[in-house]
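A short worksheet on the structure shown next.
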Amino acid sequence: MTPSAPRSPADAPAPVPPQSRGAARPTPAPDAPARRPAPPRTAFACRVDAADAAGAAALPALLRSLVLTNPGVCADFLLRHDGLPDDVLAAARRLHPRIVDVPTGDGAVHDAYDDVIELRPGWLIAADLAVLRDPPDAARARYDLTDEQFWRAYCTLPAHRQHPELLLHYAPPLLRLRPTTDLARRAALALRETGAYEEAVEALAAARPQANQPRFHDAMGAALMAVSRYDEAETHLLLAAAAPELAAKSFSQLARLAWLRGDEERSKAYAREGLDAEPTNRTCKALLRGGYGLPEFAPPTGAEAVVSTQLAHAAAYATGQENAGDKVLPEAVRLCFGPDPSARRWHPVPVHRLFDEEALAEVNARRGLVVGGGGLFLPDTWPNGNSAWQWNVPDALLARIDVPLAVFAVGYNVFPGQSYRRGRFRESLAALVERSAFFGMRNRGSVERVRELLPERLRDRVAYQPCPTTLARLLQPGWDDEAVERADTVLVNCAYDRAGRRFGDGYPRFLDAMARAVRALRERADVRVAAHMTADEQFAHDLRREHGISLPVEALYERTNDEIRTAYRRTRLVIGMRGHAGMIPFGCGTPVLSLVSHPKLAYFLADIDRPEWGVRVDDERLAEVLTERAGAVLDDHAAAVADVRDRQQVLWKVTRDNLAELRTTFGLERRPGAGAGE
């Protein structure tokens with residue numbers, strides 16, 4: 001059995017052809033993990049000269065055969081020619097989204113690819129990219145299709161076989177010609193995977209659905225939610241909920257929709273309907289427990305809260321079995337401003353809930369607003385049409401916040417190949433920066449990415465503010481480095497959300513390398529899995545199933561913030577793929593090694609000038625490098641801990657300087673010494 005990570009269709013890369021030829025992929029340098037190289041690139045190439053009328057006539061059949069027999073493959077098609085007529089080039093582009101014009105004699109373009117498969121116009125392609133060099137007439141006849149026939153042939157293939165880029169190339173013109181609800185739904189799902197939410201709504205709007213087409217209404221409801229057309233979304237989701245097979249899913253969406261609009265009673269009513277349809281539905285259970293509540297946001301300590309002395313805190317609050325890192329982070333932000341992170345000093349503002357008139361009044365009654373606690377600049381978690389990032393705030397209400405506003409240690413969490421498709425995000429971002437008294441990103445890589453999205457006049461206002469989780473031992477009241485004895489353990493965390501973007505098609509190689517590293521490390525310590533989410537436990541399951549290795553699982557998502565920090569304080573080393581599986585243990589003074597599957601991990605290591613603490617998940621020497629570096633930490637653990645504490649001081653100095661400014665902004669007294677670093 002070959003292990004595979006779960007992935008959405010948009011995440012699935014084009015497979016590397018078995019017949020491909022070309023230069024071998026160079027081995028990445030193990031000591032330079034901060035910059036992840038582009039994945040190996042494969043291209044097809046075909047030469048058709050202007051004088052070759054037969055070749056030009058045969059080219060469309062070659063392209064159609066490539067697509068229809070290998071519908072999951074979408075790689076560049078290098079069309080070498082000496083000046084083909086425009087109609088020939090236009091026809092080729094209608095058949096394939098990645099036609100690359102290459103003038104005859106320009107061989108340099110091949111250097112951009114690891115492998116180039118040479119084809120000829122008279123050939124055809126069969127399944128598994130097998131080349132038919134002398135195809136019979138019957139085979140050619142199968143690909144003698146009009147554009148519409150070809151588009152329809154592709155779009156009616158099973159969805160799991162289709163490459164989303166090909167589907168999105170053929171579906172729009174077909175929808176304009178002959179719209180169907182099934183094609184509109186497929187196109188919309190592919191568009192949503194790319195973050196093109198407005199386009200998904202437009203694709204669905206091209207069809208004429210009936211009330212008894214629940215899958216269409218489910219897709220339309222989700223698309224409308226993503227662009228904040230909430231009344232229409234509710235109507236479509238109610239139509240979808242009438243189908244027994246979709247009832248639980250649709251009612252959970254309706255419950256989320258009611259919650260984000262601030263209607264707790266309606267949210268719980270929908271959640272009960274969802275549980276009637278599916279008693280194990282986790283979303284409905286969470287909403288019945290009080291919505292996306294704030295269990296880490298403790299009740300007031302000591303005297304009751306005085307509203308005028310509080311700060312408001314807009315964050316992505318995690319609950320229940322959500323991401324353990326997102327539980328710890330909001331509290332860490334608040335601890336930067338004083339030793340009491342409870343509701344006595346703070347008013348919570350969940351960012352995913354619509355920021356409406358009531359929320360505005362609550363914020364303006366406080367002395368200021370801090371926005372931070374999560375990778376909030378991310379387009380595809382709780383998408384909305386008001387801001388196009390995680391805080392669901394309309395510009396008009398943002399402009400009416402009349403207390404000081406500080407954006408504090410927010411992350412720009414976009415994956416490689418992922419982007420914001422809408423100008424709405426840039427507009428909202430610019431309005432937020434202009435309105436903020438302080439605007440701090442949690443790593444310098446995020447600072448640069450955000451500056452690129454802003455008008456030049458606003459770029460200098462984006463500052464660097466390290467993530468407060470990296471400073472836990474310096475912020476937590478009463479922290480004693482010697483109070484907890486370290487166990488002889490190594491904790492390993494692997495992330496499985498957006499797995500296709502993390503691993504591409506290299507997950508089996510990654511798992512094999514990790515199995516070899518785990519076997520070596522078990523000679524030195526008790527190796528355990530640190531699961532920040534339930535999905536992270538897949539690492540333990542796959543190791544056991546594919547390699548016969550059984551590891552205990554530490555379910556951190558079920559623990560309190562103090563318990564999460566204690567787990568990371570007690571271990572000798574953490575090897576983590578999630579950003580906060582590195583930053584939280586680092587903040588607790590524990591040595592870390594990062595499995596780099598996202599730029600933010602490399603950004604953090606660059607900020608502390610320790611790029612050697614990271615290794616790319618696609619490094620061909622992953623097992624050897626990880627074993628060597630982990631062994632070095634375990635061999636001289638005291639020195640490794642001292643190095644972590646030294647690097648913390650670099651981040652602490654930046655944070656203290658920023659907080660000095662912010663205490664003045666918010667009219668706060670200077671915080672009395674509450675931690676080892678102050």
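Ligands are numbered from 1 in the order shown, residues from 1 within each chain, and chains are lettered A, B, ... in the order they appear in the structure tokens.
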Could you name the residues that touch range 279-289 of chain A at 9 Å or less, counting only C-alpha atoms, but leaving out those on the same chain fewer than 2 positions away, as a list in words? Ala248, Lys249, Phe251, Ser252, Gln253, Ala255, Arg256, Trp259, Glu264, Ser267, Lys268, Ala269, Tyr270, Ala271, Arg272, Glu273, Gly274, Leu275, Asp276, Ala277, Gly291, Tyr292, Gly293, Thr319 and Gly320 of chain A
Pull N, CA and C atoms from the residues just selected and write them as an mmCIF file, in the first residue's frame.
data_model
loop_
_atom_site.group_PDB
_atom_site.id
_atom_site.type_symbol
_atom_site.label_atom_id
_atom_site.label_comp_id
_atom_site.auth_asym_id
_atom_site.auth_seq_id
_atom_site.Cartn_x
_atom_site.Cartn_y
_atom_site.Cartn_z
ATOM 1 N N ALA A 248 -27.158 17.027 7.808
ATOM 2 C CA ALA A 248 -26.230 17.364 8.891
ATOM 3 C C ALA A 248 -25.236 18.435 8.450
ATOM 4 N N LYS A 249 -24.676 18.269 7.265
ATOM 5 C CA LYS A 249 -23.706 19.250 6.768
ATOM 6 C C LYS A 249 -24.350 20.625 6.615
ATOM 7 N N PHE A 251 -27.147 21.846 8.007
ATOM 8 C CA PHE A 251 -27.534 22.465 9.276
ATOM 9 C C PHE A 251 -26.307 22.960 10.050
ATOM 10 N N SER A 252 -25.179 22.271 9.942
ATOM 11 C CA SER A 252 -23.974 22.772 10.613
ATOM 12 C C SER A 252 -23.524 24.081 9.981
ATOM 13 N N GLN A 253 -23.655 24.194 8.641
ATOM 14 C CA GLN A 253 -23.328 25.455 7.972
ATOM 15 C C GLN A 253 -24.302 26.559 8.388
ATOM 16 N N ALA A 255 -25.866 26.706 11.196
ATOM 17 C CA ALA A 255 -25.553 27.069 12.580
ATOM 18 C C ALA A 255 -24.347 28.002 12.630
ATOM 19 N N ARG A 256 -23.325 27.725 11.817
ATOM 20 C CA ARG A 256 -22.161 28.624 11.753
ATOM 21 C C ARG A 256 -22.583 29.997 11.252
ATOM 22 N N TRP A 259 -24.323 31.874 13.918
ATOM 23 C CA TRP A 259 -23.361 32.301 14.940
ATOM 24 C C TRP A 259 -22.571 33.519 14.478
ATOM 25 N N GLU A 264 -27.208 33.737 18.546
ATOM 26 C CA GLU A 264 -26.882 32.513 19.278
ATOM 27 C C GLU A 264 -28.077 31.557 19.345
ATOM 28 N N SER A 267 -28.562 29.894 16.047
ATOM 29 C CA SER A 267 -27.433 28.992 15.827
ATOM 30 C C SER A 267 -27.656 27.662 16.544
ATOM 31 N N LYS A 268 -28.090 27.732 17.791
ATOM 32 C CA LYS A 268 -28.301 26.499 18.554
ATOM 33 C C LYS A 268 -29.485 25.701 18.018
ATOM 34 N N ALA A 269 -30.484 26.386 17.514
ATOM 35 C CA ALA A 269 -31.628 25.680 16.933
ATOM 36 C C ALA A 269 -31.194 24.887 15.702
ATOM 37 N N TYR A 270 -30.391 25.517 14.844
ATOM 38 C CA TYR A 270 -29.883 24.801 13.672
ATOM 39 C C TYR A 270 -28.950 23.663 14.097
ATOM 40 N N ALA A 271 -28.148 23.900 15.115
ATOM 41 C CA ALA A 271 -27.233 22.857 15.582
ATOM 42 C C ALA A 271 -28.005 21.640 16.081
ATOM 43 N N ARG A 272 -29.120 21.863 16.772
ATOM 44 C CA ARG A 272 -29.936 20.731 17.229
ATOM 45 C C ARG A 272 -30.511 19.961 16.048
ATOM 46 N N GLU A 273 -30.917 20.681 15.007
ATOM 47 C CA GLU A 273 -31.400 20.012 13.789
ATOM 48 C C GLU A 273 -30.288 19.162 13.181
ATOM 49 N N GLY A 274 -29.072 19.702 13.172
ATOM 50 C CA GLY A 274 -27.953 18.949 12.621
ATOM 51 C C GLY A 274 -27.653 17.691 13.414
ATOM 52 N N LEU A 275 -27.757 17.783 14.737
ATOM 53 C CA LEU A 275 -27.492 16.610 15.571
ATOM 54 C C LEU A 275 -28.600 15.576 15.461
ATOM 55 N N ASP A 276 -29.813 16.017 15.174
ATOM 56 C CA ASP A 276 -30.880 15.048 14.914
ATOM 57 C C ASP A 276 -30.556 14.223 13.667
ATOM 58 N N ALA A 277 -29.928 14.876 12.672
ATOM 59 C CA ALA A 277 -29.576 14.167 11.443
ATOM 60 C C ALA A 277 -28.305 13.340 11.591
ATOM 61 N N GLY A 291 -21.537 28.163 21.029
ATOM 62 C CA GLY A 291 -20.920 28.755 19.860
ATOM 63 C C GLY A 291 -19.447 28.456 19.842
ATOM 64 N N TYR A 292 -18.712 29.229 19.079
ATOM 65 C CA TYR A 292 -17.263 29.100 19.092
ATOM 66 C C TYR A 292 -16.792 29.892 20.305
ATOM 67 N N GLY A 293 -16.990 29.269 21.481
ATOM 68 C CA GLY A 293 -16.780 29.949 22.752
ATOM 69 C C GLY A 293 -15.324 30.219 23.024
ATOM 70 N N THR A 319 -11.438 26.572 20.220
ATOM 71 C CA THR A 319 -12.160 25.904 21.295
ATOM 72 C C THR A 319 -12.111 24.406 21.085
ATOM 73 N N GLY A 320 -12.514 23.679 22.101
ATOM 74 C CA GLY A 320 -12.694 22.244 21.976
ATOM 75 C C GLY A 320 -11.467 21.552 21.423
#
So which residues touch Gly221 in chain A within 12 Å, counting only C-alpha atoms, skipping near sequence neighbours fewer than 5 positions away, as a ChimeraX atom specification? /A:185,188-189,197,200-201,204-205,214-216,226-241,249-251,253-254,257
Going by DSSP on the backbone, which residues of range 48-160 of chain A come out as strand (DSSP E or B)? List them as a list in words.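 These are the residues in question: Asp76, Phe77, Leu78, Leu79, Arg80, His81, Ile99, Val100, Asp101, Val102, Pro103, Asp115, Val116, Ile117, Glu118, Leu119, Leu124, Ile125, Val131 and Leu132 of chain A.
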Give me, as a JSON list (two decimals) with N, CA, C and O atoms, in the first residue's frame, all polymer residues having an atom no more than 9 Å from Gln538 in chain A, counting only C-alpha atoms and skipping those fewer than 5 positions away in the same chain.
[["chain", "number", "residue", "atom", "x", "y", "z"],
["A", 5, "ALA", "N", -1.30, 11.47, 1.59],
["A", 5, "ALA", "CA", -1.90, 12.47, 2.47],
["A", 5, "ALA", "C", -3.21, 12.93, 1.87],
["A", 5, "ALA", "O", -3.36, 12.99, 0.66],
["A", 494, "CYS", "N", 3.47, 16.59, 13.01],
["A", 494, "CYS", "CA", 3.30, 16.72, 11.56],
["A", 494, "CYS", "C", 1.90, 17.25, 11.28],
["A", 494, "CYS", "O", 0.94, 16.84, 11.93],
["A", 495, "ALA", "N", 1.79, 18.18, 10.34],
["A", 495, "ALA", "CA", 0.52, 18.82, 10.03],
["A", 495, "ALA", "C", -0.09, 18.19, 8.78],
["A", 495, "ALA", "O", 0.61, 17.90, 7.81],
["A", 496, "TYR", "N", -1.41, 18.04, 8.79],
["A", 496, "TYR", "CA", -2.09, 17.40, 7.66],
["A", 496, "TYR", "C", -3.20, 18.25, 7.05],
["A", 496, "TYR", "O", -3.82, 17.82, 6.08],
["A", 543, "LEU", "N", 2.55, 5.82, 10.19],
["A", 543, "LEU", "CA", 3.79, 5.13, 10.59],
["A", 543, "LEU", "C", 3.51, 3.69, 11.01],
["A", 543, "LEU", "O", 4.28, 2.78, 10.67]]
For CA of Asp619 in chain A and CA of Asp646 in chain A, quote the distance in Å rounded to one decimal.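 Going from CA of Asp619 in chain A over to CA of Asp646 in chain A, I get 28.3 Å.
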